[in-house]
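One file, structure.txt, carrying compact mmCIF, C-alpha atoms:
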# COMPACT_ATOMS: atom_id res chain seq x y z
CA MET A 1 0.00 0.00 0.00
CA THR A 2 1.35 3.38 -0.97
CA ILE A 3 1.39 6.37 1.34
CA ALA A 4 -1.19 8.11 -0.80
CA GLU A 5 -3.56 5.12 -0.60
CA GLN A 6 -2.95 4.77 3.18
CA TYR A 7 -3.87 8.37 3.98
CA GLU A 8 -6.37 8.81 1.12
CA THR A 9 -4.49 11.76 -0.34
CA GLY A 10 -4.65 10.62 -3.92
CA LEU A 11 -5.63 13.30 -6.50
CA GLU A 12 -8.64 12.93 -8.78
CA PRO A 13 -7.83 12.99 -12.47
CA LEU A 14 -8.43 16.43 -14.03
CA GLU A 15 -9.56 17.48 -17.50
CA VAL A 16 -7.12 19.94 -18.96
CA VAL A 17 -8.69 22.81 -20.96
CA ASP A 18 -6.70 25.21 -23.07
CA ALA A 19 -7.49 28.81 -22.11
CA GLU A 20 -6.04 32.26 -22.43
CA LEU A 21 -5.24 34.17 -19.29
CA VAL A 22 -6.50 37.75 -19.28
CA GLU A 23 -6.20 40.62 -16.86
CA ASP A 24 -9.12 41.11 -14.46
CA ASP A 25 -10.01 44.49 -15.99
CA ALA A 26 -10.20 42.99 -19.49
CA ALA A 27 -12.76 40.31 -18.64
CA PRO A 28 -16.32 41.02 -19.90
CA GLY A 29 -18.45 42.38 -17.10
CA ALA A 30 -15.51 42.33 -14.74
CA GLY A 31 -15.87 44.61 -11.79
CA THR A 32 -19.54 45.48 -12.58
CA VAL A 33 -22.45 44.82 -10.28
CA ALA A 34 -26.11 45.18 -11.30
CA VAL A 35 -27.41 48.25 -9.51
CA HIS A 36 -31.12 49.12 -9.20
CA ASP A 37 -31.91 52.33 -11.09
CA PRO A 38 -34.85 54.09 -9.37
CA ALA A 39 -35.29 56.58 -12.23
CA ALA A 40 -35.59 53.82 -14.83
CA ALA A 41 -38.14 52.02 -12.67
CA VAL A 42 -40.22 55.20 -12.30
CA LEU A 43 -40.12 55.88 -16.05
CA GLN A 44 -41.21 52.32 -16.83
CA ALA A 45 -44.09 52.58 -14.36
CA LEU A 46 -45.17 55.92 -15.86
CA ASP A 47 -45.10 54.47 -19.39
CA THR A 48 -47.26 51.55 -18.25
CA ASP A 49 -49.73 53.87 -16.51
CA ALA A 50 -49.84 56.20 -19.53
CA LYS A 51 -50.71 53.37 -21.91
CA GLN A 52 -53.50 52.23 -19.62
CA TYR A 53 -54.81 55.79 -19.18
CA LEU A 54 -54.89 56.40 -22.94
CA GLU A 55 -56.77 53.14 -23.39
CA ASP A 56 -59.26 54.04 -20.64
CA ILE A 57 -60.13 57.44 -22.13
CA ARG A 58 -60.63 56.05 -25.62
CA PRO A 59 -64.38 56.25 -26.45
CA LYS A 60 -66.25 52.98 -25.99
CA LYS A 61 -67.48 53.09 -29.58
CA THR A 62 -63.89 53.25 -30.82
CA ARG A 63 -62.74 50.45 -28.50
CA ASP A 64 -65.60 48.24 -29.61
CA GLY A 65 -64.87 48.99 -33.27
CA TYR A 66 -61.18 48.17 -32.96
CA ALA A 67 -62.01 44.99 -31.06
CA ARG A 68 -64.28 43.94 -33.93
CA ASP A 69 -61.52 44.77 -36.43
CA TRP A 70 -59.19 42.45 -34.49
CA GLU A 71 -61.79 39.68 -34.65
CA ILE A 72 -61.91 40.15 -38.44
CA TRP A 73 -58.10 39.90 -38.46
CA GLY A 74 -58.47 36.55 -36.70
CA GLU A 75 -61.07 35.39 -39.22
CA PHE A 76 -58.67 36.34 -42.01
CA HIS A 77 -55.97 34.16 -40.41
CA ASP A 78 -58.43 31.26 -40.24
CA TRP A 79 -59.08 31.65 -43.98
CA LEU A 80 -55.37 32.06 -44.71
CA ALA A 81 -54.54 28.87 -42.81
CA GLU A 82 -57.03 26.95 -44.95
CA GLN A 83 -55.51 28.37 -48.11
CA LYS A 84 -51.84 27.86 -47.20
CA GLY A 85 -52.03 24.84 -44.91
CA SER A 86 -50.16 26.60 -42.09
CA ARG A 87 -51.38 29.08 -39.51
CA LEU A 88 -49.54 32.32 -38.81
CA PRO A 89 -49.65 34.02 -35.40
CA LEU A 90 -51.81 37.14 -35.18
CA SER A 91 -48.68 39.10 -34.30
CA THR A 92 -47.32 38.59 -37.83
CA VAL A 93 -48.04 42.01 -39.27
CA THR A 94 -46.01 42.31 -42.45
CA VAL A 95 -46.40 43.81 -45.91
CA GLY A 96 -47.46 40.38 -47.18
CA THR A 97 -50.09 39.71 -44.52
CA PHE A 98 -51.57 43.22 -44.65
CA VAL A 99 -51.86 43.30 -48.45
CA ALA A 100 -53.38 39.80 -48.32
CA PHE A 101 -55.80 41.14 -45.68
CA VAL A 102 -56.93 43.89 -48.09
CA VAL A 103 -57.43 41.32 -50.87
CA TYR A 104 -59.37 39.06 -48.48
CA LEU A 105 -61.71 41.87 -47.42
CA ASP A 106 -62.23 42.91 -51.03
CA GLN A 107 -62.63 39.55 -52.78
CA VAL A 108 -63.87 37.21 -50.07
CA VAL A 109 -65.82 39.44 -47.70
CA GLU A 110 -66.69 41.92 -50.50
CA ALA A 111 -66.46 44.83 -48.10
CA PRO A 112 -66.73 48.41 -49.43
CA PRO A 113 -63.46 50.35 -49.67
CA THR A 114 -64.38 52.64 -46.77
CA THR A 115 -64.83 49.62 -44.51
CA ILE A 116 -61.51 48.14 -45.62
CA GLU A 117 -59.75 51.41 -44.78
CA ARG A 118 -61.32 51.42 -41.33
CA ARG A 119 -60.27 47.79 -40.76
CA ILE A 120 -56.65 48.70 -41.61
CA THR A 121 -56.70 51.49 -39.02
CA GLY A 122 -58.36 49.31 -36.39
CA VAL A 123 -56.02 46.35 -36.78
CA THR A 124 -52.97 48.63 -36.75
CA SER A 125 -54.06 50.34 -33.54
CA GLU A 126 -55.05 47.11 -31.82
CA ALA A 127 -51.82 45.33 -32.80
CA ARG A 128 -49.70 48.13 -31.38
CA ARG A 129 -51.78 48.20 -28.22
CA ARG A 130 -51.02 44.52 -27.76
CA GLY A 131 -47.29 45.20 -28.09
CA PHE A 132 -46.84 43.96 -31.66
CA THR A 133 -44.68 45.84 -34.14
CA VAL A 134 -46.39 47.41 -37.14
CA PRO A 135 -43.78 49.05 -39.40
CA LYS A 136 -44.85 52.11 -41.35
CA GLU A 137 -44.18 50.41 -44.69
CA VAL A 138 -46.83 47.82 -43.82
CA THR A 139 -49.69 50.34 -43.58
CA VAL A 140 -48.34 52.24 -46.61
CA ALA A 141 -48.43 49.04 -48.69
CA ALA A 142 -51.96 48.20 -47.54
CA ARG A 143 -53.26 51.62 -48.52
CA ARG A 144 -51.52 51.39 -51.88
CA ALA A 145 -53.38 48.12 -52.46
CA LEU A 146 -56.61 49.84 -51.40
CA LYS A 147 -56.23 52.93 -53.62
CA PRO A 148 -57.49 51.43 -56.91
CA LEU A 149 -60.38 49.79 -55.06
CA ARG A 150 -61.60 53.18 -53.85
CA LEU A 151 -61.83 54.39 -57.45
CA ASP A 152 -63.89 51.43 -58.62
CA LYS A 153 -67.56 52.36 -59.04
CA GLU A 154 -68.88 48.85 -58.51
CA ARG A 155 -66.98 48.50 -55.25
CA GLN A 156 -68.24 51.89 -54.09
CA LYS A 157 -71.79 50.60 -54.49
CA ARG A 158 -71.10 47.98 -51.82
CA GLY A 159 -71.21 50.69 -49.19
CA ARG A 160 -73.88 53.23 -48.51
CA GLY A 161 -71.85 55.91 -50.27
CA GLN A 162 -70.82 59.35 -49.15
CA ALA A 163 -73.15 61.80 -47.50
CA ALA A 164 -74.59 64.29 -49.97
CA SER A 165 -74.16 68.04 -49.75
CA LEU A 166 -77.17 70.34 -49.35
CA SER A 167 -78.01 73.53 -51.20
CA PRO A 168 -79.52 76.63 -49.54
CA ALA A 169 -82.83 75.72 -51.22
CA ASP A 170 -82.62 72.24 -49.68
CA LEU A 171 -82.03 73.68 -46.22
CA ARG A 172 -85.00 76.06 -46.56
CA ALA A 173 -87.23 73.23 -47.76
CA MET A 174 -86.22 71.19 -44.70
CA ALA A 175 -86.84 74.08 -42.31
CA GLU A 176 -90.19 75.05 -43.88
CA ALA A 177 -91.65 71.56 -44.36
CA PRO A 178 -95.35 71.31 -43.42
CA HIS A 179 -96.22 70.64 -39.78
CA GLU A 180 -98.54 67.84 -40.80
CA ARG A 181 -96.87 64.75 -42.17
CA LYS A 182 -98.94 62.18 -44.05
CA PRO A 183 -98.15 58.53 -43.34
CA LEU A 184 -95.99 56.65 -45.79
CA PRO A 185 -97.82 54.26 -48.14
CA THR A 186 -96.35 51.27 -46.28
CA ALA A 187 -97.21 52.55 -42.78
CA ARG A 188 -99.75 50.52 -40.78
CA SER A 189 -101.22 53.58 -39.12
CA ARG A 190 -103.04 56.01 -41.41
CA ARG A 191 -103.08 58.81 -38.84
CA VAL A 192 -101.68 62.15 -39.96
CA TYR A 193 -98.78 63.07 -37.71
CA ARG A 194 -98.45 66.68 -36.61
CA VAL A 195 -94.94 67.73 -35.64
CA PRO A 196 -94.89 69.41 -32.20
CA GLU A 197 -93.81 73.04 -32.38
CA LEU A 198 -90.97 72.48 -29.92
CA ALA A 199 -89.60 69.67 -32.07
CA ARG A 200 -89.88 71.81 -35.21
CA LEU A 201 -87.99 74.69 -33.60
CA ARG A 202 -85.34 72.33 -32.24
CA ASP A 203 -84.71 70.73 -35.62
CA GLN A 204 -84.49 74.13 -37.30
CA ALA A 205 -81.91 75.31 -34.76
CA LEU A 206 -80.00 72.04 -34.71
CA ASN A 207 -79.70 71.69 -38.49
CA ALA A 208 -78.82 75.34 -39.11
CA LEU A 209 -76.20 75.43 -36.35
CA LYS A 210 -74.82 72.05 -37.40
CA VAL A 211 -74.12 73.40 -40.88
CA ALA A 212 -72.73 76.67 -39.52
CA VAL A 213 -70.06 74.95 -37.38
CA ALA A 214 -69.71 71.84 -39.57
CA GLY A 215 -70.63 69.94 -36.42
CA ARG A 216 -70.15 66.24 -35.94
CA ASN A 217 -73.07 64.38 -34.36
CA GLU A 218 -71.10 63.82 -31.13
CA GLU A 219 -70.11 67.50 -30.93
CA MET A 220 -73.68 68.75 -31.31
CA SER A 221 -74.87 66.23 -28.73
CA LEU A 222 -72.34 67.47 -26.16
CA LEU A 223 -73.15 71.16 -26.59
CA ASP A 224 -74.57 72.91 -23.53
CA ASP A 225 -76.44 76.21 -23.46
CA CYS A 226 -73.41 77.92 -21.94
CA ASP A 227 -71.34 76.85 -24.99
CA ILE A 228 -73.46 79.07 -27.26
CA SER A 229 -72.89 82.76 -26.47
CA ALA A 230 -74.74 85.69 -28.05
CA VAL A 231 -72.47 88.43 -29.44
CA ASP A 232 -73.19 91.52 -31.51
CA GLU A 233 -72.30 89.74 -34.75
CA GLY A 234 -74.34 86.61 -33.96
CA LEU A 235 -73.09 83.68 -31.90
CA MET A 236 -69.78 82.35 -30.62
CA VAL A 237 -69.99 78.57 -30.30
CA SER A 238 -67.52 76.67 -28.13
CA VAL A 239 -67.45 73.27 -29.82
CA PRO A 240 -66.32 70.61 -27.29
CA SER A 241 -63.51 68.11 -27.77
CA VAL A 242 -64.60 64.74 -29.14
CA LYS A 243 -62.42 61.63 -29.52
CA GLY A 244 -59.27 63.52 -28.65
CA ARG A 245 -59.80 66.25 -31.23
CA PRO A 246 -59.07 69.77 -29.92
CA ALA A 247 -61.99 71.93 -28.87
CA ARG A 248 -62.60 75.02 -30.98
CA LYS A 249 -64.46 78.33 -30.98
CA ASP A 250 -66.55 78.98 -34.08
CA PRO A 251 -68.04 82.37 -35.03
CA VAL A 252 -71.56 82.16 -36.46
CA THR A 253 -73.13 85.16 -38.17
CA TYR A 254 -76.74 85.98 -39.00
CA GLY A 255 -78.16 84.24 -42.05
CA GLU A 256 -80.07 85.71 -44.97
CA HIS A 257 -83.31 83.76 -44.39
CA ARG A 258 -85.19 83.44 -41.12
CA SER A 259 -85.86 79.71 -41.49
CA THR A 260 -82.18 78.83 -41.99
CA CYS A 261 -80.49 81.60 -39.98
CA PRO A 262 -78.56 79.74 -37.24
CA VAL A 263 -78.68 82.73 -34.89
CA ARG A 264 -82.42 83.42 -35.04
CA CYS A 265 -83.28 79.70 -35.11
CA TRP A 266 -81.24 79.09 -31.96
CA GLN A 267 -82.77 82.08 -30.16
CA ALA A 268 -86.31 80.94 -31.02
CA TYR A 269 -85.68 77.36 -29.89
CA ARG A 270 -83.92 78.41 -26.67
CA ASP A 271 -86.75 80.75 -25.71
CA ALA A 272 -89.32 78.00 -26.39
CA LYS A 273 -87.54 75.30 -24.42
CA LEU A 274 -86.87 77.61 -21.45
CA ALA A 275 -90.56 78.55 -21.44
CA ALA A 276 -91.30 74.82 -21.31
CA GLY A 277 -89.15 74.42 -18.19
CA ALA A 278 -85.76 73.37 -19.56
CA ASP A 279 -82.67 73.90 -17.43
CA PRO A 280 -80.93 77.12 -18.61
CA ASP A 281 -77.56 75.55 -17.76
CA GLY A 282 -78.36 72.18 -19.29
CA PRO A 283 -77.81 70.53 -22.68
CA ALA A 284 -78.34 72.68 -25.75
CA PHE A 285 -80.51 70.14 -27.57
CA LEU A 286 -83.08 67.91 -25.89
CA PRO A 287 -85.27 65.06 -27.15
CA VAL A 288 -88.94 65.89 -27.78
CA ASP A 289 -91.69 63.26 -27.72
CA GLN A 290 -94.70 63.07 -30.04
CA TRP A 291 -96.81 65.13 -27.62
CA GLY A 292 -94.30 67.99 -27.54
CA HIS A 293 -92.74 67.24 -24.15
CA HIS A 294 -88.97 67.64 -23.95
CA GLY A 295 -86.75 65.30 -21.98
CA THR A 296 -84.10 66.19 -19.44
CA GLN A 297 -81.20 64.22 -20.94
CA ARG A 298 -79.26 65.55 -23.91
CA LEU A 299 -80.13 64.44 -27.44
CA SER A 300 -77.89 61.50 -28.35
CA PRO A 301 -75.41 61.61 -31.27
CA ASP A 302 -77.66 59.20 -33.19
CA GLY A 303 -80.61 61.47 -32.45
CA VAL A 304 -78.69 64.44 -33.87
CA GLY A 305 -78.02 62.58 -37.12
CA ARG A 306 -81.60 61.34 -37.39
CA ALA A 307 -82.96 64.86 -36.94
CA LEU A 308 -81.26 66.09 -40.11
CA ALA A 309 -82.07 62.96 -42.13
CA ARG A 310 -85.69 63.05 -40.96
CA SER A 311 -86.05 66.72 -41.90
CA ALA A 312 -84.75 65.93 -45.39
CA GLU A 313 -87.24 63.08 -45.73
CA TYR A 314 -90.16 65.29 -44.64
CA ALA A 315 -89.07 67.88 -47.21
CA GLY A 316 -89.19 65.27 -49.97
CA LEU A 317 -85.44 65.27 -50.62
CA THR A 318 -85.04 61.76 -51.96
CA GLY A 319 -82.55 60.08 -54.25
CA ARG A 320 -79.53 61.22 -52.28
CA ARG A 321 -77.89 59.95 -49.12
CA ILE A 322 -78.54 62.75 -46.65
CA THR A 323 -77.20 62.03 -43.17
CA GLY A 324 -75.87 63.92 -40.18
CA HIS A 325 -72.51 64.15 -41.95
CA SER A 326 -74.10 66.10 -44.81
CA ALA A 327 -73.83 69.26 -42.69
CA ARG A 328 -70.04 69.10 -42.66
CA ARG A 329 -69.82 68.64 -46.41
CA THR A 330 -72.36 71.42 -46.96
CA LEU A 331 -70.39 74.11 -45.14
CA VAL A 332 -67.27 73.48 -47.22
CA THR A 333 -68.95 73.19 -50.62
CA LEU A 334 -71.12 76.28 -50.08
CA GLY A 335 -68.20 78.19 -48.60
CA ILE A 336 -65.89 77.45 -51.53
CA LYS A 337 -68.60 78.36 -54.05
CA ASN A 338 -69.00 81.71 -52.30
CA GLY A 339 -65.30 82.54 -52.15
CA LYS A 340 -64.59 81.75 -48.50
CA ARG A 341 -61.00 81.16 -47.45
CA VAL A 342 -59.97 77.52 -47.31
CA ASP A 343 -58.04 77.93 -44.04
CA LYS A 344 -61.06 79.46 -42.29
CA LEU A 345 -63.37 76.71 -43.48
CA ARG A 346 -60.92 74.06 -42.27
CA LYS A 347 -60.61 75.73 -38.88
CA GLN A 348 -64.39 76.15 -38.55
CA GLY A 349 -64.98 72.41 -38.92
CA GLY A 350 -61.92 71.26 -36.99
CA TRP A 351 -60.28 69.37 -39.86
CA SER A 352 -56.57 68.61 -39.76
CA ALA A 353 -54.36 70.29 -42.35
CA ASN A 354 -53.79 67.05 -44.26
CA SER A 355 -57.35 65.69 -44.03
CA PRO A 356 -58.12 64.00 -47.39
CA VAL A 357 -61.85 64.26 -46.70
CA PHE A 358 -61.69 68.03 -46.28
CA TRP A 359 -59.77 68.52 -49.53
CA GLU A 360 -62.24 66.29 -51.31
CA TYR A 361 -65.01 68.64 -50.17
CA VAL A 362 -62.98 71.61 -51.38
CA ASP A 363 -62.65 70.00 -54.81
CA ASP A 364 -66.41 69.43 -54.93
CA GLY A 365 -67.08 73.06 -54.11
CA SER A 366 -64.71 74.37 -56.78
CA ALA A 367 -65.68 71.90 -59.52
CA PHE A 368 -67.38 74.59 -61.64
CA GLU A 369 -64.89 77.35 -60.87
CA ASP A 370 -63.20 78.22 -64.17
CA ALA A 371 -64.65 75.00 -65.59
CA PRO A 372 -62.90 73.69 -68.74
CA THR A 373 -66.08 74.09 -70.79
CA GLU A 374 -66.80 77.67 -69.67
CA GLY A 375 -66.39 80.38 -72.29
CA ILE A 376 -64.83 78.21 -74.99
CA GLY A 377 -67.50 78.85 -77.58
CA LEU A 378 -69.59 75.72 -77.24

Represent the structure of the file as structure tokens.
Amino acid sequence: MTIAEQYETGLEPLEVVDAELVEDDAAPGAGTVAVHDPAAAVLQALDTDAKQYLEDIRPKKTRDGYARDWEIWGEFHDWLAEQKGSRLPLSTVTVGTFVAFVVYLDQVVEAPPTTIERRITGVTSEARRRGFTVPKEVTVAARRALKPLRLDKERQKRGRGQAASLSPADLRAMAEAPHERKPLPTARSRRVYRVPELARLRDQALNALKVAVAGRNEEMSLLDDCDISAVDEGLMVSVPSVKGRPARKDPVTYGEHRSTCPVRCWQAYRDAKLAAGADPDGPAFLPVDQWGHHGTQRLSPDGVGRALARSAEYAGLTGRRITGHSARRTLVTLGIKNGKRVDKLRKQGGWSANSPVFWEYVDDGSAFEDAPTEGIGL
């Protein structure tokens, strides 16, 4: 027995590894210790809170719409998996998937171009909210694929079409429509309906003021009496912020005709509703029932849109799509035809400088200005 075996001092066999000796300071990460950064932690917490806050203040209608767009995105992936035999994750937002999404909505779903454009916006927003990357070139490619579809007449017919503009004669016909409305041929009741005076005055004021400020349905719904101030020149209307758009102050002057003058129509309606017991500090526009009694809650955005469309129907304006949005188009087209400044019209309606919709309205209003066929001897 050896001495090593007797005292159990034998060495275990070692594996020899070739290595390069380096100085302590040269080793990666040498001498560094992870240190908690309070400022970074605070910034991260603020970013998280900000994202949640922005999501919380987003209107419910917008949240619901984007959620539905995301469901459609999922349905597209189901269809794509059947076509290709392999399923992609919903987080795969690339030029290829987004252009294929446009083609799917156009050829499979047969959606109108306006709906496809809204789906692109909704999916983009929802994907980013979920932490997925959506490069700019992806949305640019999708809209390039959409552009020729928007110019196709047959595809345009899939949707309801754009809201029509109104002429001054149209607006007067709406305001001066008879109080008594005969039932439609398909109506079950044959009773002649008489419009309550309070409802007639409200619709006159609402429609005239809506055109004057190019008001959105939501904006007109949120107006309070205190937002409409009488001044020597007419009215100053403080249009509230809606969906994150900035609030604005719109000047409104007296009109040429009593039935469509926004100033005199508003004064007549306000006097009538206050005489009927309305709160002088309450909503500007209130619902009115068939017996002429006004409610206490403000007129809803849908109610604002229906008021204008209903007035057009009572005036016999058929064959065109007249909706609540017609008021916004009307201000621009009439303003351009009468030489109003483009920047003032844009400011009055709260359009952004690069709004394609606004410039489309401008083009409509100037279509016959120096027309190619004018004065050429035809």

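Our summary of the geometry notes that atom CA of Val362 of chain A is positioned 28.6 Å from atom CA of Val102 of chain A.
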
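Minimum distance to Val138 of chain A across A:Gln83, A:Val95, A:Ala40, A:Glu233 (counting all atoms listed in the file) occurs at A:Val95.
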
*asked:* Given all atoms listed in the file as the basis, pick out the residue of A:Leu235, A:Ala309, A:Val195, A:Ala353 nearest to Thr323 of chain A.
replied: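 Smallest distance to Thr323 of chain A is found for A:Ala309.
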
*asked:* Using only C-alpha atoms, which protein or nucleic acid residues come within 8 Å of Gly282 of chain A? Drop anything in the same chain fewer than 2 positions from it, and give the result as a PyMOL selection string.
replied: chain A and resi 224-225+278-280+284

Segment 61-63 of chain A surroundings by all atoms listed in the file, 12 Å radius, close-in-sequence under 2 positions cut, as a CSV table (one decimal) with C-alpha atoms, in the frame of the given file:
chain,number,residue,atom,x,y,z
A,54,LEU,CA,-54.9,56.4,-22.9
A,55,GLU,CA,-56.8,53.1,-23.4
A,56,ASP,CA,-59.3,54.0,-20.6
A,57,ILE,CA,-60.1,57.4,-22.1
A,58,ARG,CA,-60.6,56.0,-25.6
A,59,PRO,CA,-64.4,56.2,-26.4
A,65,GLY,CA,-64.9,49.0,-33.3
A,66,TYR,CA,-61.2,48.2,-33.0
A,67,ALA,CA,-62.0,45.0,-31.1
A,68,ARG,CA,-64.3,43.9,-33.9
A,69,ASP,CA,-61.5,44.8,-36.4
A,70,TRP,CA,-59.2,42.4,-34.5
A,118,ARG,CA,-61.3,51.4,-41.3
A,119,ARG,CA,-60.3,47.8,-40.8
A,121,THR,CA,-56.7,51.5,-39.0
A,122,GLY,CA,-58.4,49.3,-36.4
A,123,VAL,CA,-56.0,46.4,-36.8
A,125,SER,CA,-54.1,50.3,-33.5
A,126,GLU,CA,-55.0,47.1,-31.8
A,129,ARG,CA,-51.8,48.2,-28.2
A,218,GLU,CA,-71.1,63.8,-31.1
A,242,VAL,CA,-64.6,64.7,-29.1
A,243,LYS,CA,-62.4,61.6,-29.5
A,244,GLY,CA,-59.3,63.5,-28.6
A,301,PRO,CA,-75.4,61.6,-31.3

_Radius query 10 Å about (-83.0, 71.1, -49.3), atoms used: all atoms listed in the file, as an NGL selection string_ = :A and (165-177 or 311-313 or 315-318 or 322)

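Every protein, DNA or RNA residue with an atom at most 9 Å from Pro196 of chain A, where all atoms listed in the file count and chain neighbours fewer than 6 positions away do not, is listed here: A:His179, A:Val288, A:Asp289, A:Gln290, A:Trp291, A:Gly292, A:His293.
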
*Could you state the separation of atom CA of Phe76 of chain A and atom CA of Leu105 of chain A in Å, given to one decimal place?*
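A separation of 8.3 Å between them.
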